[in-house]
>>> print(open('protein_29.cif').read())   # mmCIF, C-alpha atoms
data_structure
#
loop_
_atom_site.label_atom_id
_atom_site.label_comp_id
_atom_site.auth_asym_id
_atom_site.auth_seq_id
_atom_site.Cartn_x
_atom_site.Cartn_y
_atom_site.Cartn_z
CA MET U 1 8.98 31.57 3.87
CA LYS U 2 6.96 34.78 3.87
CA GLU U 3 4.77 35.51 6.85
CA MET U 4 1.48 33.66 6.57
CA ASN U 5 -1.75 35.48 7.33
CA ASP U 6 -4.63 33.86 9.22
CA ASN U 7 -6.64 33.01 6.10
CA GLU U 8 -3.66 31.37 4.44
CA LEU U 9 -2.94 29.38 7.61
CA ASP U 10 -6.55 28.21 7.85
CA GLN U 11 -6.49 27.24 4.18
CA LEU U 12 -3.22 25.34 4.67
CA ILE U 13 -4.54 23.44 7.71
CA LEU U 14 -7.71 22.48 5.83
CA GLU U 15 -5.74 21.41 2.76
CA THR U 16 -3.40 19.32 4.93
CA LEU U 17 -6.29 17.55 6.62
CA ASN U 18 -7.93 16.91 3.24
CA ARG U 19 -4.64 15.52 1.93
CA LYS U 20 -4.30 13.29 5.00
CA GLU U 21 -7.81 11.95 4.42
CA MET U 22 -7.08 11.36 0.74
CA LEU U 23 -3.87 9.44 1.54
CA SER U 24 -5.78 7.40 4.09
CA GLY U 25 -8.33 6.58 1.38
CA ILE U 26 -5.57 5.40 -0.95
CA SER U 27 -4.15 3.22 1.86
CA THR U 28 -7.57 1.67 2.47
CA GLN U 29 -7.96 0.79 -1.22
CA VAL U 30 -4.47 -0.71 -1.31
CA MET U 31 -5.13 -2.82 1.79
CA LEU U 32 -8.38 -4.17 0.26
CA THR U 33 -6.42 -5.28 -2.80
CA VAL U 34 -3.54 -6.65 -0.73
CA ARG U 35 -5.86 -8.73 1.47
CA ARG U 36 -7.71 -10.06 -1.57
CA GLN U 37 -4.42 -11.05 -3.22
CA HIS U 38 -3.23 -12.67 0.01
CA ARG U 39 -6.44 -14.72 0.30
CA ARG U 40 -6.21 -15.85 -3.34
CA ALA U 41 -2.55 -16.82 -2.93
CA ALA U 42 -3.39 -18.85 0.21
CA PHE U 43 -6.30 -20.55 -1.63
CA ARG U 44 -3.97 -21.46 -4.53
CA ARG U 45 -1.31 -22.87 -2.17
CA TRP U 46 -3.75 -25.03 -0.26
CA SER U 47 -5.44 -26.18 -3.49
CA ARG U 48 -2.02 -27.35 -4.71
CA ILE U 49 -1.47 -29.27 -1.47
CA ILE U 50 -4.87 -30.97 -1.72
CA ALA U 51 -4.41 -31.76 -5.41
CA PHE U 52 -1.00 -33.21 -4.59
CA SER U 53 -2.23 -35.19 -1.57
CA PHE U 54 -5.19 -36.79 -3.33
CA GLY U 55 -4.33 -36.40 -6.99
CA LEU U 56 -0.92 -37.98 -6.80
CA PRO U 57 -2.01 -41.27 -5.17
CA LEU U 58 -4.89 -41.39 -7.65
CA VAL U 59 -2.54 -41.05 -10.63
CA VAL U 60 -0.17 -43.68 -9.19
CA MET U 61 -3.08 -46.05 -8.58
CA LEU U 62 -4.32 -45.53 -12.14
CA MET U 63 -0.85 -46.26 -13.55
CA VAL U 64 -0.31 -49.35 -11.41
CA GLY U 65 -3.88 -50.48 -12.06
CA ALA U 66 -3.41 -50.07 -15.82
CA ALA U 67 -0.14 -52.03 -15.69
CA TYR U 68 -1.76 -54.82 -13.66
CA PHE U 69 -4.82 -54.94 -15.92
CA THR U 70 -2.62 -55.07 -19.01
CA ALA U 71 -0.42 -57.80 -17.52
CA SER U 72 -3.44 -59.86 -16.53
CA LEU U 73 -5.16 -59.69 -19.93
CA PRO U 74 -5.39 -63.26 -21.27
CA GLY U 75 -3.61 -63.92 -24.55
CA LEU U 76 -1.75 -60.58 -24.63
CA GLY U 77 1.60 -62.24 -23.88
CA ALA U 78 4.79 -60.35 -24.75
CA ALA U 79 2.88 -57.62 -26.60
CA GLY U 80 1.74 -56.22 -23.31
CA THR U 81 5.26 -55.98 -21.83
CA PRO U 82 6.13 -52.52 -23.27
CA ILE U 83 2.89 -51.10 -21.88
CA VAL U 84 3.57 -52.58 -18.46
CA VAL U 85 7.18 -51.30 -18.51
CA ALA U 86 6.05 -47.82 -19.61
CA MET U 87 3.45 -47.67 -16.82
CA CYS U 88 6.05 -48.73 -14.26
CA VAL U 89 8.55 -46.13 -15.53
CA PHE U 90 5.90 -43.36 -15.39
CA THR U 91 4.96 -44.44 -11.86
CA LEU U 92 8.62 -44.36 -10.81
CA ILE U 93 9.11 -40.88 -12.30
CA ILE U 94 6.03 -39.59 -10.49
CA LEU U 95 7.20 -41.11 -7.18
CA ILE U 96 10.69 -39.57 -7.57
CA GLN U 97 9.19 -36.15 -8.39
CA ALA U 98 6.82 -36.46 -5.43
CA GLY U 99 9.79 -37.25 -3.19
CA MET U 100 11.54 -34.09 -4.39
CA TRP U 101 8.43 -31.91 -3.83
CA ILE U 102 8.07 -33.30 -0.31
CA ARG U 103 11.74 -32.57 0.42
CA TRP U 104 11.36 -28.98 -0.84
CA PHE U 105 8.11 -28.40 1.03
CA LYS U 106 8.30 -25.45 3.50
CA LEU U 107 5.63 -25.35 6.16
CA ASP U 108 6.31 -21.70 7.06
CA GLU U 109 4.99 -20.61 3.66
CA TYR U 110 1.55 -21.84 4.75
CA MET D 1 9.34 -2.29 14.50
CA ASP D 2 11.68 -1.23 11.73
CA ASP D 3 10.97 -1.79 8.02
CA LYS D 4 12.95 -5.01 7.84
CA GLU D 5 11.04 -6.57 10.74
CA LEU D 6 7.70 -5.53 9.26
CA VAL D 7 8.60 -7.12 5.91
CA GLU D 8 9.69 -10.30 7.74
CA HIS D 9 6.33 -10.44 9.50
CA ILE D 10 4.51 -10.04 6.18
CA LEU D 11 6.54 -12.62 4.26
CA ARG D 12 7.06 -15.26 6.95
CA ARG D 13 3.91 -14.96 9.04
CA GLY D 14 1.47 -13.60 6.46
CA GLU D 15 0.61 -10.60 8.67
CA THR D 16 -0.64 -8.33 5.90
CA ASP D 17 -1.68 -5.63 8.42
CA CYS D 18 2.01 -4.85 8.86
CA PHE D 19 1.94 -3.56 5.28
CA ASN D 20 -0.49 -0.88 6.45
CA LEU D 21 2.20 0.41 8.86
CA LEU D 22 4.73 0.55 6.05
CA MET D 23 2.27 2.47 3.90
CA LYS D 24 1.62 5.01 6.65
CA ARG D 25 5.34 5.71 6.81
CA TYR D 26 5.90 6.24 3.11
CA MET D 27 2.57 7.13 1.48
CA GLY D 28 3.06 10.88 1.92
CA GLN D 29 6.55 10.77 0.48
CA VAL D 30 5.49 8.64 -2.48
CA PHE D 31 2.47 10.80 -3.24
CA SER D 32 4.59 13.96 -3.16
CA ARG D 33 7.16 12.40 -5.46
CA VAL D 34 4.51 11.23 -7.93
CA ILE D 35 2.55 14.49 -8.02
CA GLY D 36 5.83 16.30 -8.59
CA ILE D 37 6.29 14.25 -11.78
CA VAL D 38 2.77 13.94 -13.18
CA ARG D 39 1.30 17.25 -11.88
CA GLN D 40 -2.21 15.80 -11.81
CA GLU D 41 -3.86 14.92 -8.51
CA GLU D 42 -6.22 12.14 -9.67
CA LEU D 43 -3.48 10.49 -11.70
CA ALA D 44 -1.07 10.79 -8.76
CA LYS D 45 -3.60 8.98 -6.53
CA ASP D 46 -3.90 6.11 -9.02
CA ILE D 47 -0.14 5.81 -9.40
CA ALA D 48 0.44 5.92 -5.63
CA GLN D 49 -2.09 3.11 -5.24
CA GLN D 50 -0.47 1.05 -8.00
CA THR D 51 2.96 1.67 -6.45
CA PHE D 52 2.08 0.07 -3.15
CA ILE D 53 0.18 -2.80 -4.73
CA ARG D 54 3.24 -3.54 -6.85
CA ALA D 55 5.50 -3.18 -3.81
CA PHE D 56 3.40 -5.76 -1.96
CA THR D 57 3.44 -8.16 -4.93
CA ARG D 58 7.25 -7.87 -5.21
CA LEU D 59 8.02 -7.66 -1.50
CA ALA D 60 10.06 -10.84 -1.61
CA SER D 61 12.48 -9.14 -4.01
CA TRP D 62 13.31 -6.32 -1.54
CA HIS D 63 16.83 -7.00 -0.30
CA GLY D 64 16.85 -5.05 2.97
CA SER D 65 18.16 -1.72 1.65
CA SER D 66 16.12 1.45 2.31
CA PHE D 67 12.45 0.54 1.88
CA GLY D 68 11.52 4.18 1.25
CA ALA D 69 14.05 4.48 -1.57
CA TRP D 70 12.89 1.17 -3.08
CA VAL D 71 9.20 2.12 -3.07
CA ASN D 72 10.02 5.60 -4.40
CA THR D 73 11.89 3.97 -7.31
CA ILE D 74 8.77 1.95 -8.17
CA ALA D 75 6.71 5.16 -7.98
CA VAL D 76 9.08 7.05 -10.27
CA HIS D 77 9.07 4.22 -12.86
CA LEU D 78 5.29 4.03 -12.87
CA SER D 79 5.02 7.83 -13.15
CA LEU D 80 7.46 8.03 -16.04
CA ASN D 81 5.71 5.11 -17.80
CA GLU D 82 2.42 6.91 -17.45
CA LEU D 83 3.88 10.16 -18.79
CA GLU D 84 5.29 8.25 -21.75
CA ARG D 85 1.92 6.61 -22.37
CA MET D 86 0.20 10.00 -22.23
CA ARG D 87 2.75 11.48 -24.59
CA ARG D 88 1.98 8.75 -27.11
CA HIS D 89 -1.80 8.89 -26.62
CA PRO D 90 -2.66 12.41 -25.49
CA VAL D 91 -6.11 12.59 -23.92
CA GLU D 92 -7.18 15.61 -21.88
CA ARG D 93 -9.54 14.48 -19.14
CA LEU D 94 -12.00 16.96 -17.66
CA GLU D 95 -10.60 16.64 -14.11
CA ASP D 96 -7.05 17.18 -15.43
CA LYS D 97 -8.17 20.40 -17.10
CA CYS D 98 -9.63 21.59 -13.80
CA VAL D 99 -6.39 20.84 -11.98
CA LYS D 100 -4.36 22.61 -14.65
CA ASP D 101 -6.33 25.72 -13.79
CA ALA D 102 -4.92 25.53 -10.26
CA PRO D 103 -1.24 24.73 -10.83
CA SER D 104 -0.20 25.88 -7.34
CA ARG D 105 -1.94 22.80 -5.86
CA CYS D 106 0.57 20.51 -7.54
CA SER D 107 3.71 22.62 -7.16
CA ASP D 108 6.73 21.26 -5.30
CA ASN D 109 6.68 24.15 -2.85
CA ARG D 110 3.04 23.57 -2.00
CA GLU D 111 3.66 19.85 -1.49
CA ALA D 112 6.62 20.58 0.76
CA LEU D 113 4.51 23.01 2.79
CA LEU D 114 1.70 20.46 3.12
CA GLN D 115 4.18 17.84 4.32
CA ARG D 116 5.59 20.26 6.90
CA MET D 117 2.10 21.08 8.14
CA ASP D 118 1.24 17.36 8.26
CA LYS D 119 4.32 16.75 10.39
CA ALA D 120 3.46 19.71 12.64
CA ILE D 121 -0.11 18.46 13.13
CA SER D 122 1.06 14.95 13.97
CA GLN D 123 3.32 16.42 16.67
CA LEU D 124 0.34 18.01 18.46
CA PRO D 125 -1.27 16.25 21.44
CA GLU D 126 -4.18 14.01 20.50
CA LYS D 127 -6.84 16.32 21.92
CA ASP D 128 -5.51 19.26 19.91
CA GLN D 129 -5.47 17.14 16.75
CA ARG D 130 -9.07 16.24 17.42
CA ILE D 131 -10.04 19.89 17.90
CA ILE D 132 -8.55 21.05 14.61
CA ARG D 133 -10.02 18.06 12.80
CA LEU D 134 -13.49 18.84 14.16
CA TYR D 135 -13.12 22.55 13.41
CA TYR D 136 -11.46 22.49 10.00
CA TYR D 137 -12.22 19.13 8.43
CA GLU D 138 -15.73 18.56 9.79
CA GLY D 139 -16.59 22.28 9.86
CA ARG D 140 -18.10 22.20 13.35
CA LYS D 141 -18.64 25.36 15.40
CA ALA D 142 -16.89 26.04 18.71
CA GLY D 143 -20.11 25.31 20.64
CA GLU D 144 -20.48 21.84 19.07
CA ILE D 145 -16.81 21.03 19.69
CA ALA D 146 -17.17 22.17 23.30
CA GLN D 147 -20.12 19.81 23.80
CA LEU D 148 -18.30 16.86 22.22
CA LEU D 149 -15.11 17.36 24.22
CA ALA D 150 -16.72 18.50 27.51
CA MET D 151 -15.11 21.94 27.34
CA SER D 152 -16.50 25.47 27.37
CA PRO D 153 -16.84 27.29 24.01
CA SER D 154 -14.42 30.02 25.11
CA ASN D 155 -11.91 27.34 26.12
CA VAL D 156 -12.20 25.81 22.65
CA LEU D 157 -11.60 29.16 20.97
CA VAL D 158 -8.56 29.94 23.14
CA ARG D 159 -7.18 26.48 22.48
CA LEU D 160 -7.76 26.86 18.74
CA HIS D 161 -5.88 30.12 18.76
CA ARG D 162 -2.93 28.53 20.62
CA ILE D 163 -2.92 25.53 18.27
CA ARG D 164 -2.78 27.80 15.24
CA GLU D 165 0.11 29.80 16.70
CA GLN D 166 1.92 26.57 17.54
CA LEU D 167 1.44 25.18 14.04
CA LYS D 168 2.68 28.42 12.50
CA LYS D 169 5.85 28.27 14.64
CA ARG D 170 6.39 24.57 13.92
CA ILE D 171 6.16 24.81 10.15
CA GLU D 172 8.60 27.69 10.25
CA SER D 173 11.01 25.72 12.44
CA ASN D 174 10.54 22.57 10.24
CA GLU D 175 11.47 24.69 7.24
CA ARG D 176 14.63 25.91 8.99
CA ASP D 177 15.58 22.33 9.94
CA GLU D 178 15.40 21.16 6.29
#
>>> encode(input="protein_29.cif", output="structure tokens")
Amino acid sequence: MKEMNDNELDQLILETLNRKEMLSGISTQVMLTVRRQHRRAAFRRWSRIIAFSFGLPLVVMLMVGAAYFTASLPGLGAAGTPIVVAMCVFTLIILIQAGMWIRWFKLDEY
Amino acid sequence: MDDKELVEHILRRGETDCFNLLMKRYMGQVFSRVIGIVRQEELAKDIAQQTFIRAFTRLASWHGSSFGAWVNTIAVHLSLNELERMRRHPVERLEDKCVKDAPSRCSDNREALLQRMDKAISQLPEKDQRIIRLYYYEGRKAGEIAQLLAMSPSNVLVRLHRIREQLKKRIESNERDE
């Protein structure tokens, strides 16, 4: 490296400090985006938990309620049996899936 | 904390501020790599920003090898993609034209020199770093610096002279070490 004169050294120091400031600006912008993404991801995770915790029982109740209502309709007889069976099968599938989700649930992700 | 521990803290505990530490370690390297490819400062800033955002989004896919190498790979891919896009749709932006007029700002040698100076400045004591920042970056006079740091103006000037000599020696020794 050729010998640097005073002006060149001053220019280099100034350029380095400007570069440092610029890189710091980039880092700040990245962190704003990162924090926003992190907040959105947390909101989505907790929304899923709430939807699961309240939505699932609601769906099961609707299914069971529909099966009971169908079974209790006067005069429907055997025609209502497929509907009742279908509702019970759907309810069973939902309960099995819910069991699997609960088993896979990882608290440390929250 | 090493890179692996920082990534663990981010992924397991959601401590996103640890990502800031990772960025401080590798931002300079990534920026130098990108500007060496694209040769345009504004574009290099955008790509460096995109690189780290992508690295954060895909952090779970990092398998514990060198974090610097991994993030540099992302930077190179993004830079090459951008060059390809520009090749297909050439558009000369005003700021790019201005930078093209000063090619030495984007040269590899200049980048290497800036990195060496950055390293030399970070090795100075905190008070000395403050003095050069006030003098060069904020453009303050010796008298103002003296008032801010409770020193005499002549003391500030002597110290500035010593700092400059020290920086000159350090960047020369950093060059020899490389």
>>> residues_around(input="protein_29.cif", residues="stretch 71-78 of chain D", least_positions_apart="3", cutoff="10 Å", atoms="only C-alpha atoms", output="ChimeraX atom specification")
/D:23,26-27,29-31,33-34,36-38,44,47-52,54-56,59,62,66-68,81-84
>>> closest_residue(input="protein_29.cif", among="D:Glu111, D:Glu15, D:Asp118, D:Glu41", to="chain U", atoms="all atoms listed in the file")
D:Asp118
>>> resolve_selection(input="protein_29.cif", expression="the PyMOL selection byres ((chain U) within 7 of (chain D))", output="VMD selection string")
chain U and resid 14 16 to 17 23 26 to 27 30 to 31 34 to 35 108 to 109
>>> atom_distance(input="protein_29.cif", atom1="atom CA of D:Ser61", atom2="atom CA of D:Met1")
20.0 Å
>>> atom_distance(input="protein_29.cif", atom1="atom CA of D:Ser154", atom2="atom CA of U:Asn18")
26.3 Å
>>> residues_around(input="protein_29.cif", residues="stretch 98-106 of chain U", least_positions_apart="2", cutoff="12 Å", atoms="all atoms listed in the file", output="list in words")
Arg45, Arg48, Ile49, Phe52, Ser53, Gly55, Leu56, Pro57, Val59, Val60, Thr91, Leu92, Ile93, Ile94, Leu95, Ile96, Asp108, Glu109 and Tyr110 of chain U; Arg12 of chain D
>>> write_last_selection(input="protein_29.cif", atoms="C-alpha atoms", output="PDB file, keeping the file's coordinate frame")
ATOM      1  CA  ARG U  45      -1.310 -22.870  -2.170  1.00  0.00           C
ATOM      2  CA  ARG U  48      -2.020 -27.350  -4.710  1.00  0.00           C
ATOM      3  CA  ILE U  49      -1.470 -29.270  -1.470  1.00  0.00           C
ATOM      4  CA  PHE U  52      -1.000 -33.210  -4.590  1.00  0.00           C
ATOM      5  CA  SER U  53      -2.230 -35.190  -1.570  1.00  0.00           C
ATOM      6  CA  GLY U  55      -4.330 -36.400  -6.990  1.00  0.00           C
ATOM      7  CA  LEU U  56      -0.920 -37.980  -6.800  1.00  0.00           C
ATOM      8  CA  PRO U  57      -2.010 -41.270  -5.170  1.00  0.00           C
ATOM      9  CA  VAL U  59      -2.540 -41.050 -10.630  1.00  0.00           C
ATOM     10  CA  VAL U  60      -0.170 -43.680  -9.190  1.00  0.00           C
ATOM     11  CA  THR U  91       4.960 -44.440 -11.860  1.00  0.00           C
ATOM     12  CA  LEU U  92       8.620 -44.360 -10.810  1.00  0.00           C
ATOM     13  CA  ILE U  93       9.110 -40.880 -12.300  1.00  0.00           C
ATOM     14  CA  ILE U  94       6.030 -39.590 -10.490  1.00  0.00           C
ATOM     15  CA  LEU U  95       7.200 -41.110  -7.180  1.00  0.00           C
ATOM     16  CA  ILE U  96      10.690 -39.570  -7.570  1.00  0.00           C
ATOM     17  CA  ASP U 108       6.310 -21.700   7.060  1.00  0.00           C
ATOM     18  CA  GLU U 109       4.990 -20.610   3.660  1.00  0.00           C
ATOM     19  CA  TYR U 110       1.550 -21.840   4.750  1.00  0.00           C
TER      20      TYR U 110
ATOM     21  CA  ARG D  12       7.060 -15.260   6.950  1.00  0.00           C
TER      22      ARG D  12
END
>>> atom_distance(input="protein_29.cif", atom1="atom CA of U:Met87", atom2="atom CA of U:Leu62")
9.3 Å
>>> resolve_selection(input="protein_29.cif", expression="the PyMOL selection byres ((chain D and resi 127-131) around 9)", output="list in words")
Ile121, Ser122, Gln123, Leu124, Pro125, Glu126, Ile132, Arg133, Leu134, Tyr135, Tyr136, Ile145, Leu149, Val156, Arg159, Leu160 and Ile163 of chain D
